[in-house]
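A short worksheet on the structure shown next.
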Amino acid sequence: LNLSIPTVYSLTIDNENILRRDNSDFGIGLNDASSTGPISSNIRNGDLGLTLNYRLGNLQGTASTTSDLGVFSPPAQLLGSSTSQGTLALKLADGKLLFVHSGGSNTTTLYDPLTNSTSSGPVLPTGTVAATGTNAVRLPNGNFFMIHGGISTVTSIYNVATSTALASSSFSLGPVLSGNVGSSSQMIINPDGTIFVIHGAGLLTTSMCNLTRSVMRCNAGPSLTAGAGRGAHAIQRPDGRWLIVLGGRTTTTNIYDPVNKLISVGPTTSVLVGEGGHAFQRGDGKWIIIHGDAATGSQLTTSIYDPTTSTGNPTAMLAGAALLQAAGAGAYSIQRADGRFQTIVGSSTAALSNSTNIYNETNITANSFTGIYLAGSNLPN
């Protein structure tokens, strides 16, 4: 008799943040029909370390041909106002997008992708505007909590219309933050429903907001060990804690415990992280951190963060694969249908850049865990 017990894996499907909506998302219609798409991006592995093979398809992709390009054709759907730094798009449950215009504006535009049409959205609360550092999180009831940025303490609640409780969606004033919020602000929802707000703008300060009370309130949260500046971003670890890369052309990170609401010192990145700094997660659970702009300009360098080390808090991160072109302001990474990440490098030290790089983690060997970057197709000029 075969009495072997099958291995049981614990999986969590996070469809709140990752939604599959078209054939490309599921790998249907690709050159390699067996591809399942980037499924590991919304599956958290259990303690037994399930590995899902999604590294399929063409390694580098191909340069676009005329038939690939498509065209932008009229009638163009214009937003109701010009946009600037801090512009935000809220994805609503019905698939529509609400654009908060920012740049000192109090207006919004509602876009319906099914009909390719726009209409005026609700205005922000009287006397308020959105500016650099505007950010929002979706609340459990479907509404949104938004901080307005612009070195202000203003917040608002976007109250989503329902057929039974609210005839039309609208903004209302939220609680006052404990300090000003600016660029590179971050928001984390704690397990108890409170919201941790990192103020950004190079500041050490944070707020802890409770929206479940009869009177909503934001109190001062735990101080960071260094200011959160441009390039700051947060990574959630398997243990529920968060790594906060503080950016601002520093190597400093903090660990945030959302249960006890405490901040501690995290591992240093291998070099400075500045504007354009961001991260993506490899299939093995490790994170690649793109450093972005530093005091000497844009950088080729990256770091590798392993959130599952024995202490969870190594003193320093390993250097990762070098980019082929330096990443600066505007850098970001997208996941392709074959599971690989393509990095748009943004502005270089000398000039704007249309270069992209592709991260290939299949190059990992027993003695080299850095992976390798390959050249991707250039963006149109």
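In the structure tokens, the first chain shown is A, the next is B, and so on; residue numbers restart at 1 for each chain, and ligands run from 1 in the order shown.
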Q | Who sits within 6 Å of Gln299 in chain A, only C-alpha atoms, same chain under 3 positions skipped, as a ChimeraX atom specification | A | /A:292,326-327
Go ahead and save the picked residues with C-alpha atoms, as a short mmCIF file (atom, residue, chain, number, x, y, z; two decimals), in the first residue's frame.
```cif
data_model
loop_
_atom_site.label_atom_id
_atom_site.label_comp_id
_atom_site.auth_asym_id
_atom_site.auth_seq_id
_atom_site.Cartn_x
_atom_site.Cartn_y
_atom_site.Cartn_z
CA GLY A 292 16.62 55.12 -8.81
CA ALA A 326 20.65 53.74 -15.24
CA ALA A 327 17.26 54.22 -13.58
#
```
Q.
List as a PyMOL selection string the protein and nucleic acid residues near Ala322 in chain A, meaning an atom at most 9 Å away when only C-alpha atoms are counted, but skip any in the same chain fewer than 2 places from it.
A. chain A and resi 299-302+319-320+324-326+370+372-373
Go ahead and write the residues just picked, N, CA and C atoms, as a CSV table (one decimal), in the first residue's frame.
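Result file follows (again06.csv):
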```
chain,number,residue,atom,x,y,z
A,299,GLN,N,21.1,55.6,-11.4
A,299,GLN,CA,22.0,54.5,-11.0
A,299,GLN,C,21.6,53.2,-11.7
A,300,LEU,N,22.7,52.3,-12.0
A,300,LEU,CA,22.5,51.0,-12.5
A,300,LEU,C,22.2,50.0,-11.5
A,301,THR,N,22.3,50.3,-10.2
A,301,THR,CA,22.4,49.3,-9.1
A,301,THR,C,21.0,48.9,-8.6
A,302,THR,N,20.9,47.7,-8.0
A,302,THR,CA,19.7,47.2,-7.4
A,302,THR,C,20.2,46.5,-6.1
A,319,ALA,N,23.8,43.1,-3.0
A,319,ALA,CA,23.7,43.8,-4.3
A,319,ALA,C,23.0,42.9,-5.3
A,320,GLY,N,22.1,43.4,-6.1
A,320,GLY,CA,21.4,42.7,-7.1
A,320,GLY,C,22.0,42.9,-8.5
A,324,LEU,N,21.1,47.7,-17.4
A,324,LEU,CA,21.9,48.0,-18.5
A,324,LEU,C,21.9,49.5,-18.8
A,325,GLN,N,20.8,50.2,-18.4
A,325,GLN,CA,20.8,51.7,-18.4
A,325,GLN,C,20.4,52.1,-17.0
A,326,ALA,N,20.9,53.3,-16.6
A,326,ALA,CA,20.7,53.7,-15.2
A,326,ALA,C,19.2,54.2,-15.1
A,370,THR,N,21.6,36.7,-8.1
A,370,THR,CA,21.3,38.1,-8.5
A,370,THR,C,20.4,38.1,-9.7
A,372,ILE,N,19.7,38.4,-13.8
A,372,ILE,CA,20.4,39.2,-14.8
A,372,ILE,C,19.4,40.1,-15.5
A,373,TYR,N,19.8,41.3,-15.9
A,373,TYR,CA,19.0,42.1,-16.7
A,373,TYR,C,19.4,42.0,-18.1
```
9 Å contact set for Thr268 in chain A, only C-alpha atoms, chain neighbours under 4 positions out, as a JSON list (two decimals) with N, CA, C and O atoms, in the first residue's frame:
```
[["chain", "number", "residue", "atom", "x", "y", "z"],
["A", 245, "VAL", "N", 11.16, 51.22, 2.76],
["A", 245, "VAL", "CA", 12.37, 51.79, 2.19],
["A", 245, "VAL", "C", 12.17, 53.30, 2.21],
["A", 245, "VAL", "O", 11.24, 53.82, 1.59],
["A", 250, "THR", "N", 19.02, 57.83, 0.66],
["A", 250, "THR", "CA", 19.64, 57.18, 1.81],
["A", 250, "THR", "C", 19.59, 55.67, 1.59],
["A", 250, "THR", "O", 18.93, 55.19, 0.66],
["A", 251, "THR", "N", 20.25, 54.91, 2.44],
["A", 251, "THR", "CA", 20.19, 53.45, 2.42],
["A", 251, "THR", "C", 19.30, 52.92, 3.54],
["A", 251, "THR", "O", 19.24, 51.71, 3.77],
["A", 252, "THR", "N", 18.59, 53.80, 4.22],
["A", 252, "THR", "CA", 17.87, 53.44, 5.44],
["A", 252, "THR", "C", 16.52, 52.78, 5.14],
["A", 252, "THR", "O", 15.79, 53.22, 4.26],
["A", 253, "THR", "N", 16.21, 51.73, 5.89],
["A", 253, "THR", "CA", 14.87, 51.14, 5.88],
["A", 253, "THR", "C", 14.39, 50.96, 7.31],
["A", 253, "THR", "O", 15.19, 50.94, 8.25],
["A", 254, "ASN", "N", 13.08, 50.86, 7.46],
["A", 254, "ASN", "CA", 12.47, 50.57, 8.75],
["A", 254, "ASN", "C", 11.56, 49.35, 8.60],
["A", 254, "ASN", "O", 11.12, 49.02, 7.50],
["A", 314, "PRO", "N", 18.15, 41.23, 8.41],
["A", 314, "PRO", "CA", 19.59, 41.26, 8.15],
["A", 314, "PRO", "C", 20.09, 42.69, 8.23],
["A", 314, "PRO", "O", 19.34, 43.64, 8.06],
["A", 315, "THR", "N", 21.38, 42.85, 8.53],
["A", 315, "THR", "CA", 21.91, 44.20, 8.68],
["A", 315, "THR", "C", 22.09, 44.90, 7.36],
["A", 315, "THR", "O", 22.11, 46.13, 7.29],
["A", 316, "ALA", "N", 22.25, 44.16, 6.28],
["A", 316, "ALA", "CA", 22.44, 44.78, 4.98],
["A", 316, "ALA", "C", 21.91, 43.86, 3.89],
["A", 316, "ALA", "O", 21.90, 42.64, 4.03],
["A", 317, "MET", "N", 21.45, 44.45, 2.79],
["A", 317, "MET", "CA", 20.96, 43.67, 1.66],
["A", 317, "MET", "C", 22.09, 43.37, 0.70],
["A", 317, "MET", "O", 23.08, 44.10, 0.63]]
```
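In this model, the gap between CA of Asn190 in chain A and CA of Ile304 in chain A comes to 25.9 Å.
Closest approach to Asn360 in chain A among A:Ser169, A:Asn106, A:Gln342, A:Ser223: A:Gln342, based on only C-alpha atoms.
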Q.
Report as a ChimeraX atom specification all protein, DNA and RNA residues lying within 7 Å of Gly330 in chain A, evaluated on only C-alpha atoms, omitting residues in the same chain fewer than 3 positions from it.
A. /A:276,346-347
**Q.** Test item: residues at most 9 Å from Gly121 in chain A, only C-alpha atoms, excluding those fewer than 6 positions along its chain, as a PyMOL selection string
**A.** chain A and resi 80+98-100+107-111+169-170
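Minimum distance to Ala331 in chain A across A:Ile344, A:Ile289, A:Ala220, A:Ala93 (counting only C-alpha atoms) occurs at A:Ile344.
In the backbone-derived DSSP annotation, strand (DSSP E) within range 106-144 of chain A comprises Thr108, Thr109, Leu110, Tyr111, Asp112, Ser117, Thr118, Ser119, Ser120, Asn135, Ala136, Val137, Arg138 and Phe144 of chain A.
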Save the residues we just selected, C-alpha atoms, as an mmCIF file, in the first residue's frame?
```cif
data_model
loop_
_atom_site.group_PDB
_atom_site.id
_atom_site.type_symbol
_atom_site.label_atom_id
_atom_site.label_comp_id
_atom_site.auth_asym_id
_atom_site.auth_seq_id
_atom_site.Cartn_x
_atom_site.Cartn_y
_atom_site.Cartn_z
ATOM 1 C CA THR A 108 -12.431 64.972 -10.468
ATOM 2 C CA THR A 109 -13.362 63.088 -13.641
ATOM 3 C CA LEU A 110 -15.233 59.780 -13.849
ATOM 4 C CA TYR A 111 -14.112 57.492 -16.710
ATOM 5 C CA ASP A 112 -16.118 54.517 -17.951
ATOM 6 C CA SER A 117 -16.680 58.129 -21.949
ATOM 7 C CA THR A 118 -15.953 60.682 -19.255
ATOM 8 C CA SER A 119 -18.139 62.801 -17.047
ATOM 9 C CA SER A 120 -17.571 65.275 -14.247
ATOM 10 C CA ASN A 135 -2.838 59.059 -1.726
ATOM 11 C CA ALA A 136 -5.813 56.832 -0.947
ATOM 12 C CA VAL A 137 -6.806 53.417 0.371
ATOM 13 C CA ARG A 138 -10.046 51.479 -0.105
ATOM 14 C CA PHE A 144 -11.983 55.485 0.056
#
```
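Candidate residues A:Ala130, A:Val265, A:Pro113, A:Thr296 were compared for distance to Leu88 in chain A, and the nearest is A:Ala130, using only C-alpha atoms.
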Need to verify the contact set: Gly104 in chain A, 12 Å, only C-alpha atoms, exclusion of same-chain residues closer than 4 positions in sequence. Can you return it as a compact mmCIF listing (two decimals) with N, CA, C and O atoms, in the first residue's frame?
```txt
# COMPACT_ATOMS: atom_id res chain seq x y z
N SER A 81 -10.13 68.52 -16.12
CA SER A 81 -9.17 69.54 -15.71
C SER A 81 -7.77 69.02 -15.99
O SER A 81 -7.56 67.81 -16.14
N SER A 82 -6.80 69.92 -16.08
CA SER A 82 -5.42 69.49 -16.26
C SER A 82 -4.94 68.78 -15.00
O SER A 82 -5.49 68.96 -13.91
N THR A 83 -3.89 67.94 -15.16
CA THR A 83 -3.38 67.15 -14.04
C THR A 83 -1.92 67.48 -13.79
O THR A 83 -1.23 68.04 -14.63
N SER A 84 -1.46 67.13 -12.60
CA SER A 84 -0.07 67.39 -12.23
C SER A 84 0.36 66.35 -11.20
O SER A 84 -0.33 65.34 -10.99
N GLN A 85 1.51 66.59 -10.56
CA GLN A 85 1.99 65.64 -9.55
C GLN A 85 0.94 65.42 -8.47
O GLN A 85 0.33 66.37 -7.98
N GLY A 86 0.73 64.16 -8.12
CA GLY A 86 -0.26 63.82 -7.12
C GLY A 86 -1.58 63.37 -7.70
O GLY A 86 -2.48 62.99 -6.95
N THR A 87 -1.71 63.40 -9.04
CA THR A 87 -2.95 62.91 -9.65
C THR A 87 -3.17 61.45 -9.28
O THR A 87 -2.26 60.65 -9.28
N VAL A 100 -8.67 61.92 -9.59
CA VAL A 100 -8.54 63.10 -8.76
C VAL A 100 -7.41 63.92 -9.37
O VAL A 100 -6.27 63.48 -9.44
N THR A 108 -12.68 66.37 -10.10
CA THR A 108 -12.43 64.97 -10.47
C THR A 108 -13.14 64.66 -11.78
O THR A 108 -14.05 65.39 -12.20
N LEU A 124 -14.03 67.95 -4.53
CA LEU A 124 -13.50 67.70 -3.19
C LEU A 124 -14.20 68.61 -2.19
O LEU A 124 -14.86 69.58 -2.57
N GLY A 127 -13.08 74.18 0.08
CA GLY A 127 -11.85 74.76 0.62
C GLY A 127 -10.65 73.84 0.57
O GLY A 127 -9.58 74.19 1.08
N THR A 128 -10.78 72.65 -0.05
CA THR A 128 -9.66 71.71 -0.12
C THR A 128 -9.27 71.45 -1.57
O THR A 128 -10.07 71.61 -2.49
N VAL A 129 -8.01 71.08 -1.76
CA VAL A 129 -7.49 70.71 -3.08
C VAL A 129 -6.60 69.48 -2.92
O VAL A 129 -6.22 69.12 -1.81
N ALA A 130 -6.28 68.83 -4.04
CA ALA A 130 -5.33 67.72 -4.05
C ALA A 130 -4.01 68.21 -4.61
O ALA A 130 -3.98 69.00 -5.56
N ALA A 131 -2.90 67.73 -4.07
CA ALA A 131 -1.58 68.20 -4.49
C ALA A 131 -0.58 67.05 -4.38
O ALA A 131 -0.96 65.90 -4.12
N THR A 132 0.70 67.35 -4.57
CA THR A 132 1.75 66.34 -4.50
C THR A 132 1.68 65.58 -3.17
O THR A 132 1.63 66.20 -2.10
N GLY A 133 1.66 64.25 -3.25
CA GLY A 133 1.55 63.44 -2.04
C GLY A 133 0.14 62.92 -1.81
O GLY A 133 -0.11 62.22 -0.83
N THR A 134 -0.82 63.25 -2.71
CA THR A 134 -2.17 62.70 -2.59
C THR A 134 -2.11 61.18 -2.66
O THR A 134 -1.41 60.61 -3.48
N HIS A 148 -4.62 64.48 1.18
CA HIS A 148 -4.56 65.46 0.08
C HIS A 148 -3.16 65.95 -0.25
O HIS A 148 -2.98 66.62 -1.27
N GLY A 149 -2.16 65.64 0.56
CA GLY A 149 -0.80 66.05 0.23
C GLY A 149 -0.64 67.57 0.25
O GLY A 149 -1.39 68.30 0.90
N GLY A 150 0.37 68.03 -0.51
CA GLY A 150 0.59 69.48 -0.60
C GLY A 150 1.06 70.11 0.68
O GLY A 150 0.81 71.29 0.93
N ILE A 151 1.76 69.34 1.53
CA ILE A 151 2.21 69.82 2.85
C ILE A 151 1.01 70.35 3.63
O ILE A 151 0.94 71.51 4.06
N SER A 152 0.01 69.47 3.78
CA SER A 152 -1.19 69.82 4.52
C SER A 152 -1.61 68.63 5.38
O SER A 152 -1.09 67.53 5.25
```
